[in-house]
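Enquirer: My structure is below; once you've seen it, I'll send some questions.
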Amino acid sequence: MSLAQHHQRVRRRLYKNLEPYPHPSAAVRFLDRIIFVVGFLGPAFTIPQIWQIYSTGHAAGVSALTWSGYAAFNIVWIIYGVVHREKAITFTYSLWLIANTTVALGASIFR
């Protein structure tokens with residue numbers, strides 16, 4: 001990106017009254033970085049549920065309808081993240097979509 005393009009982007013952010021990026025506050029910059037780790041770890045906590053369903057072949061007590069509903073809502077969040085160019089939202093909810101769909105499929109297959 002050239003200096004002119006950078007200047008235009010900064011001016012656009014100021015005009016739209018957006019926060020500067022990278023943020024001058026170290027705490028906010030840290031939050032901007034850590035959100036991707038949290039976005040990865042959240043869906044990763046679903047892995048034990050997935051493992052239990054597929055390794056045992058039992059999905060007793062797991063509602064396919066509930067997990068399918070979660071997956072459907074994840075699609076809306078992904079679209080929102082793409083439209084608003086929010087990488088953290090798109091990344092996180094893409095992983096949640098994979099996790100929730102995997103559990104829903106397992107619950108449907110191993111009733």
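FYI, nothing fancy with the structure tokens labels: chains A, B, ... in order, residues from 1 per chain, ligands from 1 as they appear.
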For the alpha helix (DSSP H) assignment from backbone DSSP, which residues of chain A qualify? Please present them as a PyMOL selection string.
Expert: chain A and resi 3-15+26-44+47-56+64-83+87-109
Enquirer: For Gly69 of chain A, work out the shell of residues within 12 Å, counting only C-alpha atoms and skipping chain neighbours fewer than 2 positions away, then give it as JSON, numbers by chain.
Expert: {"A": [63, 64, 65, 66, 67, 71, 72, 73, 74, 75, 76, 96, 97, 100, 101, 103, 104]}
Enquirer: Do a neighbour search on Gln52 of chain A at 10 Å with only C-alpha atoms, toss out local chain neighbours closer than 5 positions, and write the hits as a compact mmCIF listing (two decimals) with C-alpha atoms, in the first residue's frame.
Expert:
```txt
# COMPACT_ATOMS: atom_id res chain seq x y z
CA ILE A 47 -14.23 -31.32 20.03
CA GLY A 57 -21.54 -44.19 18.10
CA HIS A 58 -24.00 -42.88 20.70
CA ALA A 59 -25.65 -39.48 20.71
CA VAL A 103 -22.36 -32.43 16.13
CA GLY A 106 -23.52 -37.04 14.47
```
Enquirer: I'd like the neighbourhood of Leu95 of chain A as a VMD selection string, where a residue qualifies if any of its atoms comes within 8 Å (using only C-alpha atoms), though same-chain residues fewer than 4 positions away should be ignored.
Expert: chain A and resid 40 43 91 99
Enquirer: Restricting the calculation to only C-alpha atoms: of A:Pro22, A:Leu41, A:Leu31, A:Ile53, which residue gets closest to Ala107 of chain A?
Expert: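 Distance minimum relative to Ala107 of chain A lands on A:Ile53.
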Enquirer: Of the candidates A:Thr56, A:Ile50, A:Phe45, A:Gly39, which one gets nearest to Lys87 of chain A if we count only C-alpha atoms?
Expert: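 Of all the options, A:Gly39 lies closest to Lys87 of chain A.
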Enquirer: Between A:Ser108, A:Ser2, A:Thr90, A:Ser68, which has the minimum distance to Ile35 of chain A (counting only C-alpha atoms)?
Expert: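 Going through A:Ser108, A:Ser2, A:Thr90, A:Ser68 one by one, the smallest distance to Ile35 of chain A is for A:Thr90.
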Enquirer: Counting only C-alpha atoms, which of A:Val38, A:Arg9, A:Ile98, A:Ile89 gets nearest to Tyr21 of chain A?
Expert: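 Looking only at the distances to Tyr21 of chain A, the closest residue turns out to be A:Arg9.
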Enquirer: Between A:Arg29, A:Lys16, A:Arg111, A:His84, single out the one closest to Tyr54 of chain A, counting only C-alpha atoms.
Expert: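 Smallest separation from Tyr54 of chain A among the options: A:Arg111.
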